[in-house]
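Below you'll find the structure, written out as C-alpha cells, and then a few comments.
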Amino acid sequence: MFLKIMKITAIQAQEIYDSRGYPTIGVRLTLENGIVSFSDYPSGSSYGNHESLELKDGGRRLRGKGVRDAVHIVEKVIAPQIMGMDVENQPEIDAKMIDFDGTPNKKRLGGNAILSVSMAVAKAAALSKRIPLYKYLKTFFPINGLKLPIPLMVFIEGGKHADYSSDFQEYMIAPFAGNNFAEKMEIALEIYYCLKEIVKKRSWSLTVGEEGGFAGKVCSNEEPLEMLVLAIERAGFIPGKDIKIALDLASSEFYKQGKYYLPKDDKVLDTQGMISYCQNLINDYPIFSIEDAIYEDDWEGFQKMTAALGDKIQVVGDDLYTTNPRLLQKGIRSKATNSIVIKLNQVGTVSETVESLKIASENKIQAMVSQRAGETEDSFFADLCVASACGQIKSGAPCRGERIAKYNRLLWIERELGIR
Ligand code: PGA
Ligand code: ZN
C-alpha cells in the first residue's frame with residue numbers, strides 16, 4: 001500500500017517566558033501541507049542530578065537564564081538534521097537528535113532544544129492526521145485504552161517552591177470519590193474553597209507557591225496535613241475514603257551528607273529516621289503516596305523505604321529516576337520504589353518518555369505524569385497522561401492559568417470521549 005509521508009519543512013524557535021518569568025524555549029514547526037504546531041518547554045526548580053540539561057546562556061542578561069543559544073541550536077543545528085523527515089516518524093526523529101547530541105544528558109544540544117522540537121513534532125503529526133493529540137499519542141500505547149486520571153492537586157506548597165513555608169515541597173489531595181474527571185474536579189474545588197477559609201483564619205496571606213498551592217508561615221511540617229484534613233471534612237467528604245493525601249517531600253533539597261534537616265520540626269534525621277517519620281505520618285493522616293522521601297542517589301535508602309512501607313502506600317521516585325528508562329529498569333530490578341513520576345523534560349524526548357511509561361505499566365509500577373515548577377499554557381502532558389492510561393496526574397493547584405490549563409484540557413478530553 002502507498003503510504004503518504006508528511007514532511008517537516010520549517011522549524012523556528014523563540015525565547016518565551018514561563019510562569020516564573022524565566023526565559024524558556026518555544027518552537028514553531030511547519031509541515032509541507034501548511035500545518036503549524038507550537039510547543040513550549042517546561043522547566044523545574046528542584047532539579048534531579050540525572051536530568052537532561054536545560055541549556056542556559058549564562059552571563060548577565062536575564063540573570064544567566066536566557067535561552068538564545070538553545071534557540072540558535074534548534075534553528076541552525078537541529079532543523080537542518082530533521083527537515084524533510086516524515087513527521088509521523090517520532091522514534092526516528094528523536095533518535096536522530098539523541099545521536100547527534102551524543103551525550104548521556106543531552107548537554108551538547110540541550111534538553112530544552114531537543115524536547116521542544118520533539119513535542120512540536122508529535123503535535124504537528126496529530127494536527128496533520130486531524131486527530132486530537134491524546135489519540136495520536138495513543139498509537140504509542142497500543143495495549144491500554146484511554147483513561148482520564150485522578151488529579152493529585154497541590155493545595156499547600158513549601159520547600160524550594162515557596163520561601164518561609166514547610167520543609168516539604170508539596171501537600172496534595174487526590175479525589176478518589178467522583179465518578180469521572182469532572183466530578184473529581186468539582187469535589188477538589190469544594191475542598192479548595194474550604195481550605196482558603198482556613199488559610200485566612202490562620203492569618204496566612206493568600207500567597208501561593210510556584211505551583212499555585214498556598215504557601216504560609218507553617219508552625220511545623222504537619223500543620224498543612226491537619227489543615228487538609230480539616231478542609232476535606234468541612235467540605236463534607238471522608239478523609240481516607242473519598243479523599244486521600246499525597247506528599248512530595250523533595251528531600252534532596254534538605255539532605256546534606258547523610259542527614260535530613262527539617263528546621264520546621266527542629267529535627268535532623270538519618271535514613272532510618274526519615275522512614276520512621278514517614279511511617280508515623282501515614283499512621284496519623286490519610287496519606288496514600290509519598291514522593292522523594294529519600295535522597296535521590298540513595299538507592300539503598302529507597303529500597304528500605306519500599307520494603308517498610310511499599311505495601312501501604314505508593315513510594316514514588318521522581319529525582320531518583322528522572323524519567324530515564326535505564327534508571328527505571330534499575331529501580332525495578334532492585335525494588336527501589338513501586339511508583340514513578342514522569343516528566344517529559346527530565347529525559348528530554350517524547351520517545352524516551354513513552355518508553356518509561358511503557359516499562360512502568362509492564363512492570364506494575366504506578367506512574368504519575370507531572371508538571372514542572374515553571375510551566376506555560378502548553379498542556380502536552382495532559383494528553384500524554386490520557387494516552388498512557390497511567391491514571392494519575394500532577395498539575396498543581398486549581399489556581400494560576402498554567403496549572404488550570406491542564407485540568408481544563410482534561411475536562412474537554414473527557415467531554416470528547418463522552419465519559420459522563
Ligand atoms: P520541580 O517540582 O518542577 O521543581 O522539579 C516538581 C516536582 O518535584 O514534582
Ligand atoms: Zn517531585
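Please note that chains go A, B, ... in the order of the C-alpha cells, that every chain numbers its residues from 1, and that ligands are numbered from 1 in the order shown.
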- Backbone DSSP call of helix (DSSP H, G or I) for region 36-281 of chain A, listed as an MDAnalysis selection string: chainID A and resid 61:64 68:82 90:101 111:128 133:138 159:161 181:201 223:234 251:254 263:265 271:281
- Using only C-alpha atoms, which residues sit within 12 Å of Arg415 (chain A) once same-chain residues fewer than 3 positions away are excluded, as a PyMOL selection string? chain A and resi 148+180-182+408-412+418-420
Those same residues - N, CA, C and O atoms - I'd like them written as a PDB file, in the first residue's frame.
ATOM      1  N   LEU A 148      -8.892   8.813  31.798  1.00  0.00           N
ATOM      2  CA  LEU A 148      -8.733  10.099  32.490  1.00  0.00           C
ATOM      3  C   LEU A 148      -8.108   9.825  33.861  1.00  0.00           C
ATOM      4  O   LEU A 148      -8.447   8.833  34.499  1.00  0.00           O
ATOM      5  N   ASN A 180     -16.211  10.556  37.611  1.00  0.00           N
ATOM      6  CA  ASN A 180     -15.445  10.892  36.405  1.00  0.00           C
ATOM      7  C   ASN A 180     -14.570  12.106  36.717  1.00  0.00           C
ATOM      8  O   ASN A 180     -14.602  12.632  37.838  1.00  0.00           O
ATOM      9  N   PHE A 181     -13.798  12.532  35.746  1.00  0.00           N
ATOM     10  CA  PHE A 181     -12.836  13.611  35.992  1.00  0.00           C
ATOM     11  C   PHE A 181     -13.537  14.910  36.388  1.00  0.00           C
ATOM     12  O   PHE A 181     -13.105  15.598  37.322  1.00  0.00           O
ATOM     13  N   ALA A 182     -14.629  15.227  35.705  1.00  0.00           N
ATOM     14  CA  ALA A 182     -15.347  16.479  36.007  1.00  0.00           C
ATOM     15  C   ALA A 182     -15.837  16.474  37.455  1.00  0.00           C
ATOM     16  O   ALA A 182     -15.727  17.486  38.164  1.00  0.00           O
ATOM     17  N   ASN A 408      -8.270  21.961  32.619  1.00  0.00           N
ATOM     18  CA  ASN A 408      -9.311  22.318  31.648  1.00  0.00           C
ATOM     19  C   ASN A 408      -9.205  21.469  30.380  1.00  0.00           C
ATOM     20  O   ASN A 408     -10.208  21.055  29.802  1.00  0.00           O
ATOM     21  N   ARG A 409      -7.982  21.216  29.972  1.00  0.00           N
ATOM     22  CA  ARG A 409      -7.769  20.341  28.806  1.00  0.00           C
ATOM     23  C   ARG A 409      -8.370  18.951  29.067  1.00  0.00           C
ATOM     24  O   ARG A 409      -9.039  18.374  28.208  1.00  0.00           O
ATOM     25  N   LEU A 410      -8.158  18.429  30.273  1.00  0.00           N
ATOM     26  CA  LEU A 410      -8.682  17.097  30.615  1.00  0.00           C
ATOM     27  C   LEU A 410     -10.217  17.098  30.609  1.00  0.00           C
ATOM     28  O   LEU A 410     -10.841  16.113  30.215  1.00  0.00           O
ATOM     29  N   LEU A 411     -10.817  18.220  31.035  1.00  0.00           N
ATOM     30  CA  LEU A 411     -12.280  18.305  31.003  1.00  0.00           C
ATOM     31  C   LEU A 411     -12.802  18.193  29.564  1.00  0.00           C
ATOM     32  O   LEU A 411     -13.775  17.508  29.289  1.00  0.00           O
ATOM     33  N   TRP A 412     -12.107  18.867  28.647  1.00  0.00           N
ATOM     34  CA  TRP A 412     -12.526  18.776  27.240  1.00  0.00           C
ATOM     35  C   TRP A 412     -12.291  17.381  26.678  1.00  0.00           C
ATOM     36  O   TRP A 412     -13.107  16.875  25.897  1.00  0.00           O
ATOM     37  N   GLY A 418     -16.875  11.364  25.732  1.00  0.00           N
ATOM     38  CA  GLY A 418     -18.249  11.035  26.120  1.00  0.00           C
ATOM     39  C   GLY A 418     -18.359  10.321  27.438  1.00  0.00           C
ATOM     40  O   GLY A 418     -19.314   9.592  27.686  1.00  0.00           O
ATOM     41  N   ILE A 419     -17.376  10.492  28.317  1.00  0.00           N
ATOM     42  CA  ILE A 419     -17.452   9.858  29.646  1.00  0.00           C
ATOM     43  C   ILE A 419     -18.203  10.796  30.569  1.00  0.00           C
ATOM     44  O   ILE A 419     -17.728  11.868  30.891  1.00  0.00           O
ATOM     45  N   ARG A 420     -19.364  10.379  31.010  1.00  0.00           N
ATOM     46  CA  ARG A 420     -20.139  11.182  31.961  1.00  0.00           C
ATOM     47  C   ARG A 420     -20.849  10.259  32.935  1.00  0.00           C
ATOM     48  O   ARG A 420     -21.417   9.266  32.542  1.00  0.00           O
TER      49      ARG A 420
END
- Task: Could you give me, as a ChimeraX atom specification, the residues within 9 Å of Thr337 (chain A), counting only C-alpha atoms and dropping anything in the same chain fewer than 5 positions from it?
- Result: /A:302-303,305-307,310,314-317,331-332,365
Give one line per residue of chain A that approaches ligand 1 to at most 9 Å, naming the two atoms of the closest pair and their distance in Å to one decimal, counting only C-alpha atoms and all ligand atoms; sort by chain then ascending residue number and deliver it as CSV.
residue,atom,partner,partner_atom_place_in_ligand_line,distance
A:Pro42,CA,ligand 1,3 (O),8.2
A:Ser43,CA,ligand 1,3 (O),6.2
A:Gly44,CA,ligand 1,3 (O),3.4
A:Ser45,CA,ligand 1,4 (O),3.4
A:Ser46,CA,ligand 1,4 (O),3.7
A:Tyr47,CA,ligand 1,5 (O),5.2
A:Gly48,CA,ligand 1,5 (O),7.3
A:Lys160,CA,ligand 1,4 (O),7.3
A:His161,CA,ligand 1,4 (O),6.8
A:Gln169,CA,ligand 1,8 (O),7.4
A:Glu170,CA,ligand 1,9 (O),7.9
A:Glu210,CA,ligand 1,4 (O),8.4
A:Glu211,CA,ligand 1,2 (O),8.2
A:Asp248,CA,ligand 1,9 (O),6.6
A:Leu249,CA,ligand 1,8 (O),8.3
A:Ala250,CA,ligand 1,8 (O),6.0
A:Glu291,CA,ligand 1,9 (O),8.0
A:Asp292,CA,ligand 1,8 (O),8.2
A:Asp318,CA,ligand 1,9 (O),6.7
A:Asp319,CA,ligand 1,8 (O),7.4
A:Val341,CA,ligand 1,9 (O),7.3
A:Lys343,CA,ligand 1,9 (O),8.4
A:Gln346,CA,ligand 1,5 (O),8.9
A:Ser370,CA,ligand 1,9 (O),6.6
A:Gln371,CA,ligand 1,6 (C),6.4
A:Arg372,CA,ligand 1,3 (O),3.3
A:Ala373,CA,ligand 1,3 (O),3.8
A:Gly374,CA,ligand 1,3 (O),6.5
A:Glu375,CA,ligand 1,3 (O),8.6
A:Lys394,CA,ligand 1,9 (O),7.8
A:Gly396,CA,ligand 1,6 (C),8.9
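In this structure, CA of Pro175 (chain A) sits 4.6 Å away from CA of Ile243 (chain A).
When only C-alpha atoms and all ligand atoms are used to compute distances to ligand 2, the closest of the residues A:Gln272, A:Ser251, A:Asn144, A:Asn338 turns out to be A:Ser251.
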Pick out the residues sitting within 12 Å of Lys106 (chain A), and hand them over as a PDB file with N, CA, C and O atoms, in the first residue's frame; count only C-alpha atoms, and ignore anything fewer than 6 positions along from it in its own chain.
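File written: selection_22.pdb
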ATOM      1  N   HIS A  50      20.225  13.735  37.572  1.00  0.00           N
ATOM      2  CA  HIS A  50      20.411  12.999  36.317  1.00  0.00           C
ATOM      3  C   HIS A  50      19.490  13.467  35.203  1.00  0.00           C
ATOM      4  O   HIS A  50      19.280  12.760  34.220  1.00  0.00           O
ATOM      5  N   GLU A  51      18.927  14.649  35.372  1.00  0.00           N
ATOM      6  CA  GLU A  51      18.046  15.183  34.327  1.00  0.00           C
ATOM      7  C   GLU A  51      18.835  15.570  33.088  1.00  0.00           C
ATOM      8  O   GLU A  51      20.028  15.887  33.162  1.00  0.00           O
ATOM      9  N   SER A  52      18.125  15.604  31.946  1.00  0.00           N
ATOM     10  CA  SER A  52      18.770  16.146  30.752  1.00  0.00           C
ATOM     11  C   SER A  52      19.001  17.643  30.997  1.00  0.00           C
ATOM     12  O   SER A  52      18.241  18.286  31.723  1.00  0.00           O
ATOM     13  N   LEU A  53      20.045  18.146  30.403  1.00  0.00           N
ATOM     14  CA  LEU A  53      20.462  19.514  30.730  1.00  0.00           C
ATOM     15  C   LEU A  53      19.614  20.567  30.012  1.00  0.00           C
ATOM     16  O   LEU A  53      19.375  20.462  28.811  1.00  0.00           O
ATOM     17  N   GLU A  54      19.162  21.547  30.789  1.00  0.00           N
ATOM     18  CA  GLU A  54      18.462  22.685  30.188  1.00  0.00           C
ATOM     19  C   GLU A  54      19.523  23.727  29.870  1.00  0.00           C
ATOM     20  O   GLU A  54      20.117  24.328  30.767  1.00  0.00           O
ATOM     21  N   LEU A  55      19.761  23.921  28.593  1.00  0.00           N
ATOM     22  CA  LEU A  55      20.841  24.811  28.170  1.00  0.00           C
ATOM     23  C   LEU A  55      20.466  26.273  28.421  1.00  0.00           C
ATOM     24  O   LEU A  55      19.462  26.757  27.913  1.00  0.00           O
ATOM     25  N   ALA A  70      20.116  28.041  22.872  1.00  0.00           N
ATOM     26  CA  ALA A  70      19.240  26.897  22.550  1.00  0.00           C
ATOM     27  C   ALA A  70      18.379  27.216  21.317  1.00  0.00           C
ATOM     28  O   ALA A  70      18.150  26.356  20.463  1.00  0.00           O
ATOM     29  N   ASP A  94      13.434  11.480  17.069  1.00  0.00           N
ATOM     30  CA  ASP A  94      14.027  11.587  18.415  1.00  0.00           C
ATOM     31  C   ASP A  94      15.401  10.920  18.454  1.00  0.00           C
ATOM     32  O   ASP A  94      16.354  11.459  19.020  1.00  0.00           O
ATOM     33  N   ALA A  95      15.488   9.735  17.833  1.00  0.00           N
ATOM     34  CA  ALA A  95      16.769   9.005  17.839  1.00  0.00           C
ATOM     35  C   ALA A  95      17.855   9.828  17.137  1.00  0.00           C
ATOM     36  O   ALA A  95      19.010   9.873  17.574  1.00  0.00           O
ATOM     37  N   MET A  97      18.063  13.097  16.960  1.00  0.00           N
ATOM     38  CA  MET A  97      18.512  14.200  17.840  1.00  0.00           C
ATOM     39  C   MET A  97      19.385  13.653  18.972  1.00  0.00           C
ATOM     40  O   MET A  97      20.387  14.265  19.336  1.00  0.00           O
ATOM     41  N   ILE A  98      19.001  12.497  19.516  1.00  0.00           N
ATOM     42  CA  ILE A  98      19.779  11.896  20.615  1.00  0.00           C
ATOM     43  C   ILE A  98      21.182  11.557  20.108  1.00  0.00           C
ATOM     44  O   ILE A  98      22.192  11.869  20.748  1.00  0.00           O
ATOM     45  N   ASP A  99      21.252  10.923  18.925  1.00  0.00           N
ATOM     46  CA  ASP A  99      22.563  10.533  18.361  1.00  0.00           C
ATOM     47  C   ASP A  99      23.405  11.758  18.056  1.00  0.00           C
ATOM     48  O   ASP A  99      24.601  11.791  18.324  1.00  0.00           O
ATOM     49  N   PHE A 100      22.784  12.746  17.474  1.00  0.00           N
ATOM     50  CA  PHE A 100      23.523  13.937  17.082  1.00  0.00           C
ATOM     51  C   PHE A 100      24.062  14.671  18.311  1.00  0.00           C
ATOM     52  O   PHE A 100      25.144  15.239  18.280  1.00  0.00           O
ATOM     53  N   ASN A 112      16.420  21.235  26.450  1.00  0.00           N
ATOM     54  CA  ASN A 112      15.328  22.159  26.101  1.00  0.00           C
ATOM     55  C   ASN A 112      15.173  22.303  24.589  1.00  0.00           C
ATOM     56  O   ASN A 112      14.053  22.333  24.075  1.00  0.00           O
ATOM     57  N   ALA A 113      16.298  22.354  23.870  1.00  0.00           N
ATOM     58  CA  ALA A 113      16.213  22.455  22.404  1.00  0.00           C
ATOM     59  C   ALA A 113      15.600  21.165  21.844  1.00  0.00           C
ATOM     60  O   ALA A 113      14.694  21.208  21.003  1.00  0.00           O
ATOM     61  N   ILE A 114      16.066  20.026  22.352  1.00  0.00           N
ATOM     62  CA  ILE A 114      15.618  18.739  21.802  1.00  0.00           C
ATOM     63  C   ILE A 114      14.141  18.482  22.128  1.00  0.00           C
ATOM     64  O   ILE A 114      13.350  18.142  21.249  1.00  0.00           O
ATOM     65  N   LEU A 115      13.759  18.645  23.407  1.00  0.00           N
ATOM     66  CA  LEU A 115      12.376  18.302  23.775  1.00  0.00           C
ATOM     67  C   LEU A 115      11.349  19.208  23.095  1.00  0.00           C
ATOM     68  O   LEU A 115      10.287  18.743  22.672  1.00  0.00           O
ATOM     69  N   ASN A 345      10.505  16.661  30.351  1.00  0.00           N
ATOM     70  CA  ASN A 345      11.775  17.378  30.188  1.00  0.00           C
ATOM     71  C   ASN A 345      12.902  16.796  31.027  1.00  0.00           C
ATOM     72  O   ASN A 345      14.050  17.180  30.852  1.00  0.00           O
ATOM     73  N   GLN A 346      12.570  15.874  31.943  1.00  0.00           N
ATOM     74  CA  GLN A 346      13.677  15.257  32.694  1.00  0.00           C
ATOM     75  C   GLN A 346      14.527  14.390  31.772  1.00  0.00           C
ATOM     76  O   GLN A 346      15.738  14.375  31.860  1.00  0.00           O
ATOM     77  N   VAL A 347      13.858  13.661  30.872  1.00  0.00           N
ATOM     78  CA  VAL A 347      14.608  12.764  29.993  1.00  0.00           C
ATOM     79  C   VAL A 347      14.848  13.410  28.630  1.00  0.00           C
ATOM     80  O   VAL A 347      15.867  13.183  28.004  1.00  0.00           O
ATOM     81  N   GLY A 348      13.912  14.248  28.167  1.00  0.00           N
ATOM     82  CA  GLY A 348      14.238  15.123  27.042  1.00  0.00           C
ATOM     83  C   GLY A 348      13.742  14.756  25.658  1.00  0.00           C
ATOM     84  O   GLY A 348      14.036  15.479  24.708  1.00  0.00           O
ATOM     85  N   THR A 349      13.001  13.632  25.498  1.00  0.00           N
ATOM     86  CA  THR A 349      12.309  13.395  24.223  1.00  0.00           C
ATOM     87  C   THR A 349      10.966  12.723  24.521  1.00  0.00           C
ATOM     88  O   THR A 349      10.807  12.082  25.564  1.00  0.00           O
TER      89      THR A 349
END
- With a distance cut-off of 10 Å and only C-alpha atoms, select the neighbouring residues of Gly145 (chain A), excluding the residue or stretch itself and same-chain residues fewer than 5 positions from it, and output the selection as a VMD selection string. chain A and resid 138 386 to 390
Write a file of the selected residues as a JSON list (two decimals), in the first residue's frame, keeping N, CA, C and O atoms.
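Ended up saving to result21.json:
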[["chain", "number", "residue", "atom", "x", "y", "z"],
["A", 138, "LYS", "N", -1.78, 7.93, 21.66],
["A", 138, "LYS", "CA", -2.29, 6.57, 21.98],
["A", 138, "LYS", "C", -1.67, 5.52, 21.07],
["A", 138, "LYS", "O", -1.49, 4.37, 21.48],
["A", 386, "VAL", "N", -3.53, 10.87, 29.43],
["A", 386, "VAL", "CA", -4.72, 10.13, 28.99],
["A", 386, "VAL", "C", -4.31, 9.00, 28.03],
["A", 386, "VAL", "O", -4.79, 7.87, 28.13],
["A", 387, "ALA", "N", -3.39, 9.31, 27.12],
["A", 387, "ALA", "CA", -2.95, 8.31, 26.13],
["A", 387, "ALA", "C", -2.29, 7.11, 26.81],
["A", 387, "ALA", "O", -2.50, 5.97, 26.42],
["A", 388, "SER", "N", -1.52, 7.37, 27.85],
["A", 388, "SER", "CA", -0.77, 6.28, 28.51],
["A", 388, "SER", "C", -1.68, 5.49, 29.44],
["A", 388, "SER", "O", -1.34, 4.39, 29.84],
["A", 389, "ALA", "N", -2.83, 6.08, 29.82],
["A", 389, "ALA", "CA", -3.78, 5.43, 30.75],
["A", 389, "ALA", "C", -3.15, 5.12, 32.10],
["A", 389, "ALA", "O", -3.55, 4.18, 32.77],
["A", 390, "CYS", "N", -2.16, 5.94, 32.51],
["A", 390, "CYS", "CA", -1.46, 5.64, 33.77],
["A", 390, "CYS", "C", -2.33, 5.95, 34.99],
["A", 390, "CYS", "O", -2.13, 5.39, 36.05]]
